[in-house]
>>> print(open('my_file_15.cif').read())   # mmCIF, C-alpha atoms
data_run
loop_
_atom_site.label_atom_id
_atom_site.label_comp_id
_atom_site.auth_asym_id
_atom_site.auth_seq_id
_atom_site.Cartn_x
_atom_site.Cartn_y
_atom_site.Cartn_z
CA MET A 1 -8.14 23.62 -3.55
CA ASP A 2 -8.87 21.29 -6.48
CA GLN A 3 -5.83 22.39 -8.45
CA LEU A 4 -2.29 21.07 -8.52
CA ALA A 5 -0.25 22.64 -5.74
CA GLU A 6 2.57 24.76 -7.12
CA SER A 7 6.07 23.83 -6.02
CA SER A 8 9.55 24.51 -7.24
CA ASP A 9 10.64 21.10 -5.90
CA MET A 10 9.94 18.77 -8.81
CA GLN A 11 11.07 15.80 -6.69
CA SER A 12 8.25 16.22 -4.19
CA PRO A 13 5.69 13.39 -4.31
CA LEU A 14 2.19 14.02 -5.59
CA VAL A 15 -0.73 12.79 -3.48
CA LEU A 16 -4.32 12.69 -4.70
CA VAL A 17 -6.77 13.43 -1.88
CA VAL A 18 -10.26 12.09 -2.60
CA ASP A 19 -13.10 13.07 -0.25
CA ASP A 20 -16.53 14.62 -0.79
CA GLU A 21 -16.08 16.85 2.29
CA GLU A 22 -14.24 20.03 1.39
CA GLY A 23 -13.12 20.58 4.98
CA VAL A 24 -11.44 17.19 5.12
CA ARG A 25 -9.71 17.75 1.77
CA ASP A 26 -8.44 21.15 2.87
CA LEU A 27 -7.18 19.78 6.19
CA ILE A 28 -5.16 17.04 4.51
CA VAL A 29 -3.85 19.34 1.77
CA ASP A 30 -2.67 21.91 4.33
CA ALA A 31 -1.01 19.25 6.48
CA LEU A 32 0.83 17.68 3.53
CA SER A 33 2.01 21.06 2.28
CA MET A 34 3.80 21.47 5.62
CA VAL A 35 5.92 18.39 4.86
CA SER A 36 6.62 19.33 1.22
CA ILE A 37 4.12 16.96 -0.37
CA ASN A 38 2.22 18.24 -3.39
CA THR A 39 -1.48 17.49 -3.73
CA ILE A 40 -4.38 17.42 -6.12
CA THR A 41 -7.93 16.76 -4.95
CA ALA A 42 -11.16 15.16 -6.09
CA ASN A 43 -14.61 15.13 -4.52
CA HIS A 44 -15.87 11.88 -6.04
CA GLY A 45 -14.59 8.64 -7.51
CA MET A 46 -15.03 9.36 -11.21
CA GLN A 47 -13.06 12.58 -10.90
CA ALA A 48 -10.36 10.68 -9.01
CA LEU A 49 -9.95 8.10 -11.77
CA ASN A 50 -9.68 10.86 -14.38
CA LEU A 51 -7.01 12.66 -12.36
CA ILE A 52 -5.04 9.43 -11.94
CA ARG A 53 -5.03 8.98 -15.72
CA GLU A 54 -3.94 12.58 -16.31
CA ASN A 55 -1.27 12.96 -13.60
CA ASN A 56 1.77 11.11 -12.28
CA VAL A 57 0.21 10.45 -8.89
CA ASP A 58 2.41 8.77 -6.26
CA LEU A 59 -0.29 7.91 -3.71
CA VAL A 60 -4.05 8.23 -3.19
CA VAL A 61 -5.80 9.08 0.07
CA LEU A 62 -9.26 7.71 -0.64
CA ASP A 63 -12.48 8.19 1.33
CA VAL A 64 -15.03 5.36 1.29
CA ASN A 65 -18.37 7.18 1.51
CA MET A 66 -18.71 9.36 -1.59
CA PRO A 67 -21.38 10.06 -4.21
CA VAL A 68 -21.21 8.85 -7.83
CA MET A 69 -18.62 6.16 -7.04
CA ASP A 70 -17.46 5.18 -3.56
CA GLY A 71 -13.88 4.53 -2.53
CA PHE A 72 -14.10 0.74 -2.71
CA GLU A 73 -15.35 0.96 -6.29
CA VAL A 74 -12.47 3.26 -7.20
CA LEU A 75 -9.95 0.88 -5.64
CA GLU A 76 -11.51 -2.12 -7.35
CA LYS A 77 -11.35 -0.42 -10.75
CA LEU A 78 -7.70 0.51 -10.21
CA ARG A 79 -6.61 -2.97 -9.20
CA SER A 80 -8.68 -4.69 -11.90
CA THR A 81 -6.62 -2.83 -14.52
CA GLY A 82 -3.32 -3.82 -12.87
CA ASN A 83 -2.72 -0.36 -11.41
CA ASN A 84 -0.71 -0.81 -8.18
CA LEU A 85 -0.73 2.86 -7.18
CA PRO A 86 -0.45 3.01 -3.36
CA VAL A 87 -3.83 3.72 -1.74
CA ILE A 88 -4.69 4.68 1.86
CA ILE A 89 -8.38 4.25 2.67
CA LEU A 90 -10.27 6.72 4.90
CA THR A 91 -13.59 5.85 6.51
CA ALA A 92 -15.86 7.04 9.31
CA ARG A 93 -17.35 3.57 9.67
CA LEU A 94 -15.98 1.28 12.37
CA ASP A 95 -17.02 -2.06 10.87
CA ARG A 96 -14.05 -4.43 10.65
CA GLU A 97 -15.61 -5.83 7.49
CA ASP A 98 -14.81 -2.47 5.86
CA ILE A 99 -11.15 -2.94 6.78
CA LYS A 100 -11.18 -6.49 5.46
CA GLN A 101 -12.86 -5.39 2.22
CA GLY A 102 -10.36 -2.57 1.74
CA PHE A 103 -7.35 -4.83 2.19
CA ASP A 104 -8.93 -7.57 0.08
CA LEU A 105 -9.26 -5.06 -2.76
CA GLY A 106 -5.59 -4.12 -2.46
CA ALA A 107 -5.45 -1.11 -0.13
CA ASP A 108 -2.02 -0.37 1.33
CA ASP A 109 -3.27 1.09 4.60
CA PHE A 110 -6.48 2.03 6.39
CA VAL A 111 -7.22 5.07 8.58
CA ARG A 112 -10.43 5.70 10.51
CA LYS A 113 -12.11 9.09 10.80
CA PRO A 114 -11.77 11.19 12.84
CA PHE A 115 -8.01 10.83 12.42
CA GLY A 116 -5.05 12.63 13.90
CA ILE A 117 -3.29 14.57 11.19
CA GLU A 118 0.12 13.47 12.53
CA GLU A 119 -0.91 9.82 12.27
CA LEU A 120 -2.18 10.27 8.72
CA THR A 121 0.98 12.13 7.66
CA LEU A 122 3.20 9.42 9.14
CA ARG A 123 1.21 6.71 7.38
CA ILE A 124 1.41 8.57 4.06
CA ASN A 125 5.17 9.01 4.39
CA ALA A 126 5.59 5.34 5.33
CA VAL A 127 3.68 4.13 2.26
CA LEU A 128 5.56 6.58 0.02
CA ARG A 129 8.87 5.29 1.38
CA ARG A 130 7.85 1.71 0.68
CA ALA A 131 6.86 2.54 -2.88
CA SER A 132 9.95 4.65 -3.60
CA SER A 133 12.31 2.02 -2.16
CA LEU A 134 11.14 -0.34 -4.89
CA GLN A 135 12.30 2.14 -7.54
CA GLU A 136 15.57 3.12 -5.84
CA THR A 137 16.88 -0.40 -5.37
CA GLY A 138 19.33 -1.53 -8.01
CA SER A 139 18.66 -4.19 -10.62
CA THR A 140 18.59 -6.88 -7.94
CA THR A 141 16.86 -10.14 -8.71
CA LEU A 142 15.76 -12.46 -5.92
CA SER A 143 14.66 -16.00 -6.62
CA MET A 144 13.60 -19.19 -4.94
CA GLY A 145 12.71 -22.15 -7.11
CA GLY A 146 10.23 -21.03 -9.75
CA LEU A 147 9.60 -17.73 -7.92
CA ILE A 148 11.58 -14.79 -9.34
CA MET A 149 11.44 -11.18 -8.13
CA ASP A 150 12.92 -8.40 -10.28
CA ILE A 151 13.09 -5.42 -7.92
CA GLU A 152 14.03 -2.87 -10.57
CA GLN A 153 11.12 -3.86 -12.82
CA HIS A 154 8.73 -4.39 -9.87
CA LEU A 155 7.98 -7.77 -11.39
CA VAL A 156 7.24 -11.13 -9.80
CA THR A 157 6.89 -14.31 -11.83
CA VAL A 158 6.03 -17.87 -10.83
CA ASP A 159 7.19 -20.43 -13.38
CA SER A 160 7.53 -17.57 -15.91
CA VAL A 161 3.93 -16.39 -15.31
CA GLU A 162 3.62 -12.82 -14.00
CA THR A 163 1.90 -12.37 -10.64
CA ASN A 164 0.36 -8.97 -9.92
CA LEU A 165 1.37 -7.67 -6.46
CA SER A 166 0.61 -4.35 -4.80
CA ALA A 167 3.51 -2.23 -3.52
CA THR A 168 2.97 -3.51 0.03
CA GLU A 169 2.71 -7.15 -1.05
CA PHE A 170 5.87 -6.70 -3.11
CA ARG A 171 7.81 -5.21 -0.19
CA LEU A 172 6.63 -7.96 2.16
CA LEU A 173 7.68 -10.67 -0.28
CA GLN A 174 11.05 -8.95 -0.73
CA LEU A 175 11.54 -8.95 3.05
CA PHE A 176 10.91 -12.69 3.22
CA LEU A 177 13.14 -13.47 0.24
CA GLU A 178 15.97 -11.45 1.77
CA ALA A 179 15.70 -13.39 5.04
CA PRO A 180 15.36 -17.07 4.07
CA ASN A 181 14.69 -19.44 7.00
CA LYS A 182 14.83 -16.53 9.47
CA VAL A 183 11.95 -16.10 11.93
CA LEU A 184 10.58 -12.55 11.62
CA SER A 185 8.37 -11.22 14.39
CA LYS A 186 5.25 -9.23 13.59
CA ASP A 187 6.91 -6.14 15.08
CA GLN A 188 9.93 -6.59 12.79
CA ILE A 189 7.67 -6.98 9.78
CA LEU A 190 5.60 -3.94 10.73
CA SER A 191 8.74 -1.84 11.14
CA GLN A 192 10.32 -2.97 7.85
CA VAL A 193 7.21 -2.94 5.66
CA TRP A 194 4.80 -0.46 7.23
CA GLY A 195 7.48 1.86 8.62
CA SER A 196 5.96 2.55 12.02
CA GLY A 197 4.68 -0.01 14.48
CA ASN A 198 3.17 2.82 16.51
CA PHE A 199 0.33 3.29 14.03
CA ALA A 200 0.06 -0.11 12.37
CA ASP A 201 -2.34 -2.86 13.40
CA PRO A 202 -0.47 -6.18 13.87
CA ASN A 203 -3.45 -7.94 12.25
CA VAL A 204 -2.48 -6.33 8.94
CA VAL A 205 0.57 -8.62 8.82
CA GLU A 206 -1.68 -11.70 8.93
CA THR A 207 -3.86 -10.19 6.22
CA TYR A 208 -0.97 -9.56 3.85
CA VAL A 209 0.65 -12.92 4.51
CA SER A 210 -2.65 -14.51 3.50
CA TYR A 211 -2.59 -12.42 0.29
CA LEU A 212 0.88 -13.73 -0.58
CA ARG A 213 -0.14 -17.31 0.13
CA LYS A 214 -3.24 -16.94 -2.03
CA LYS A 215 -1.44 -15.26 -4.95
CA LEU A 216 1.76 -17.32 -4.91
CA GLY A 217 0.39 -20.69 -3.81
CA SER A 218 2.97 -23.44 -3.43
CA ALA A 219 5.71 -21.13 -4.79
CA ILE A 220 6.11 -19.69 -1.29
CA ASN A 221 6.29 -21.62 1.96
CA LEU A 222 5.57 -19.29 4.88
CA ARG A 223 5.55 -21.02 8.23
CA THR A 224 3.44 -19.44 10.99
CA ILE A 225 5.27 -19.27 14.32
CA ARG A 226 2.40 -18.88 16.78
CA GLY A 227 2.76 -15.92 19.09
CA VAL A 228 5.86 -14.72 17.24
CA GLY A 229 5.59 -14.20 13.50
CA TYR A 230 6.54 -15.94 10.26
CA GLN A 231 9.40 -17.88 8.69
CA PHE A 232 10.06 -18.13 4.96
CA MET A 233 11.13 -21.73 4.46
CA THR A 234 13.48 -22.68 1.64
CA THR A 235 12.85 -26.38 2.23
CA ALA A 236 9.65 -28.35 2.50
CA GLY A 237 7.83 -28.11 5.81
CA ASN A 238 4.80 -26.64 7.60
#
>>> encode(input="my_file_15.cif", output="structure tokens")
Amino acid sequence: MDQLAESSDMQSPLVLVVDDEEGVRDLIVDALSMVSINTITANHGMQALNLIRENNVDLVVLDVNMPVMDGFEVLEKLRSTGNNLPVIILTARLDREDIKQGFDLGADDFVRKPFGIEELTLRINAVLRRASSLQETGSTTLSMGGLIMDIEQHLVTVDSVETNLSATEFRLLQLFLEAPNKVLSKDQILSQVWGSGNFADPNVVETYVSYLRKKLGSAINLRTIRGVGYQFMTTAGN
């Protein structure tokens, strides 16, 4: 199961499944093959990083508890090199600090074990859609003051200085820039960015808004509408 799945459909996405439990890897591989997603697998972090370097991987399903190098270390190494490859974290632990750590390191989604295979498949497809939409959009450029987003190049600059955003952060920022001064509810944001409100935690919206505020600083003015959602302000205000 640790070999590239053969497929005549060269357009099918390639997902790297990283887990030290063979049964879990096989379960995910079999489920993804049913929806025409190709897979390669790794049983520890070092192997995963090597496979990412050697293959055009579209998404990583990454377990936390592994020998040699755990999932958080893998994610940290990826993001520290500027690699924004979409990553879904798997974990059997229920500590919310794990979720916070995963998102802080740049994870795109988080799934707890034991998971329903339908839920995992839907989450994978949602993240793949978000990432592919960035590539399929034309050479549109969105801007607001010193903040410039080049959708085709997946590039965000603030006063001509590049800001490194993950695929999810990028899509969230794009949503705000495309709806200036409009109040967006958390449900609307979940639907547009995460693809399915049925499986997304509303708290993830707050987490990613905080990421944008931290990375973009005064270049973005996101107003919190308590009990509703957020508003991207084009004029000064709270």
>>> closest_residue(input="my_file_15.cif", among="A:Leu32, A:Met144, A:Val18, A:Val24", to="A:Asp70", atoms="all atoms listed in the file")
A:Val18
>>> closest_residue(input="my_file_15.cif", among="A:Ile37, A:Leu49, A:Gly106, A:Met66", to="A:Glu22", atoms="all atoms listed in the file")
A:Met66
>>> residues_near_point(input="my_file_15.cif", point="(13.2, -21.5, -6.4)", cutoff="10 Å", atoms="all atoms listed in the file", output="PyMOL selection string")
chain A and resi 142-148+158-159+219-220+234-235
>>> closest_residue(input="my_file_15.cif", among="A:Glu118, A:Glu152, A:Asp19, A:Glu178", to="A:Met46", atoms="only C-alpha atoms")
A:Asp19
>>> atom_distance(input="my_file_15.cif", atom1="atom CA of A:Leu78", atom2="atom CA of A:Phe176")
26.5 Å
>>> resolve_selection(input="my_file_15.cif", expression="the PyMOL selection byres ((chain A and resi 105) around 9)", output="list in words")
Phe72, Leu75, Glu76, Arg79, Lys100, Gln101, Gly102, Phe103, Asp104, Gly106 and Ala107 of chain A
>>> atom_distance(input="my_file_15.cif", atom1="atom CA of A:Val61", atom2="atom CA of A:Leu16")
6.2 Å
>>> atom_distance(input="my_file_15.cif", atom1="atom CA of A:Gly217", atom2="atom CA of A:Gln231")
15.7 Å
>>> resolve_selection(input="my_file_15.cif", expression="the PyMOL selection byres ((chain A and resi 80-93) around 6)", output="ChimeraX atom specification")
/A:59-64,76-79,94-95,107-113,166
>>> closest_residue(input="my_file_15.cif", among="A:Ile52, A:Val57, A:Lys214, A:Gly45", to="A:Glu73", atoms="all atoms listed in the file")
A:Gly45
>>> closest_residue(input="my_file_15.cif", among="A:Arg130, A:Ala48, A:Met233, A:Ile189", to="A:Ala167", atoms="only C-alpha atoms")
A:Arg130
>>> decode(input="my_file_15.cif", residues="stretch 57-86 of chain A", atoms="C-alpha atoms", output="PDB file, in the first residue's frame")
ATOM      1  CA  VAL A  57       1.310  15.995  -3.739  1.00  0.00           C
ATOM      2  CA  ASP A  58      -1.964  17.950  -3.602  1.00  0.00           C
ATOM      3  CA  LEU A  59      -2.867  17.323   0.047  1.00  0.00           C
ATOM      4  CA  VAL A  60      -1.531  15.534   3.134  1.00  0.00           C
ATOM      5  CA  VAL A  61      -3.595  13.596   5.670  1.00  0.00           C
ATOM      6  CA  LEU A  62      -1.239  13.654   8.643  1.00  0.00           C
ATOM      7  CA  ASP A  63      -1.450  11.696  11.902  1.00  0.00           C
ATOM      8  CA  VAL A  64      -0.059  13.333  15.045  1.00  0.00           C
ATOM      9  CA  ASN A  65       1.258  10.378  17.060  1.00  0.00           C
ATOM     10  CA  MET A  66       4.041   8.740  15.036  1.00  0.00           C
ATOM     11  CA  PRO A  67       7.578   7.502  15.677  1.00  0.00           C
ATOM     12  CA  VAL A  68      10.722   9.235  14.379  1.00  0.00           C
ATOM     13  CA  MET A  69       8.921  12.542  13.776  1.00  0.00           C
ATOM     14  CA  ASP A  70       5.365  13.336  14.840  1.00  0.00           C
ATOM     15  CA  GLY A  71       2.778  15.118  12.729  1.00  0.00           C
ATOM     16  CA  PHE A  72       3.223  18.520  14.351  1.00  0.00           C
ATOM     17  CA  GLU A  73       6.957  18.409  13.627  1.00  0.00           C
ATOM     18  CA  VAL A  74       6.253  17.531   9.993  1.00  0.00           C
ATOM     19  CA  LEU A  75       3.798  20.407   9.669  1.00  0.00           C
ATOM     20  CA  GLU A  76       6.197  22.828  11.339  1.00  0.00           C
ATOM     21  CA  LYS A  77       9.014  21.863   8.977  1.00  0.00           C
ATOM     22  CA  LEU A  78       6.746  22.306   5.945  1.00  0.00           C
ATOM     23  CA  ARG A  79       5.503  25.736   6.957  1.00  0.00           C
ATOM     24  CA  SER A  80       8.948  26.945   8.057  1.00  0.00           C
ATOM     25  CA  THR A  81      10.166  26.435   4.479  1.00  0.00           C
ATOM     26  CA  GLY A  82       7.188  28.322   3.013  1.00  0.00           C
ATOM     27  CA  ASN A  83       5.454  25.156   1.808  1.00  0.00           C
ATOM     28  CA  ASN A  84       1.685  25.828   1.867  1.00  0.00           C
ATOM     29  CA  LEU A  85       0.636  22.311   0.854  1.00  0.00           C
ATOM     30  CA  PRO A  86      -2.848  21.690   2.317  1.00  0.00           C
TER      31      PRO A  86
END
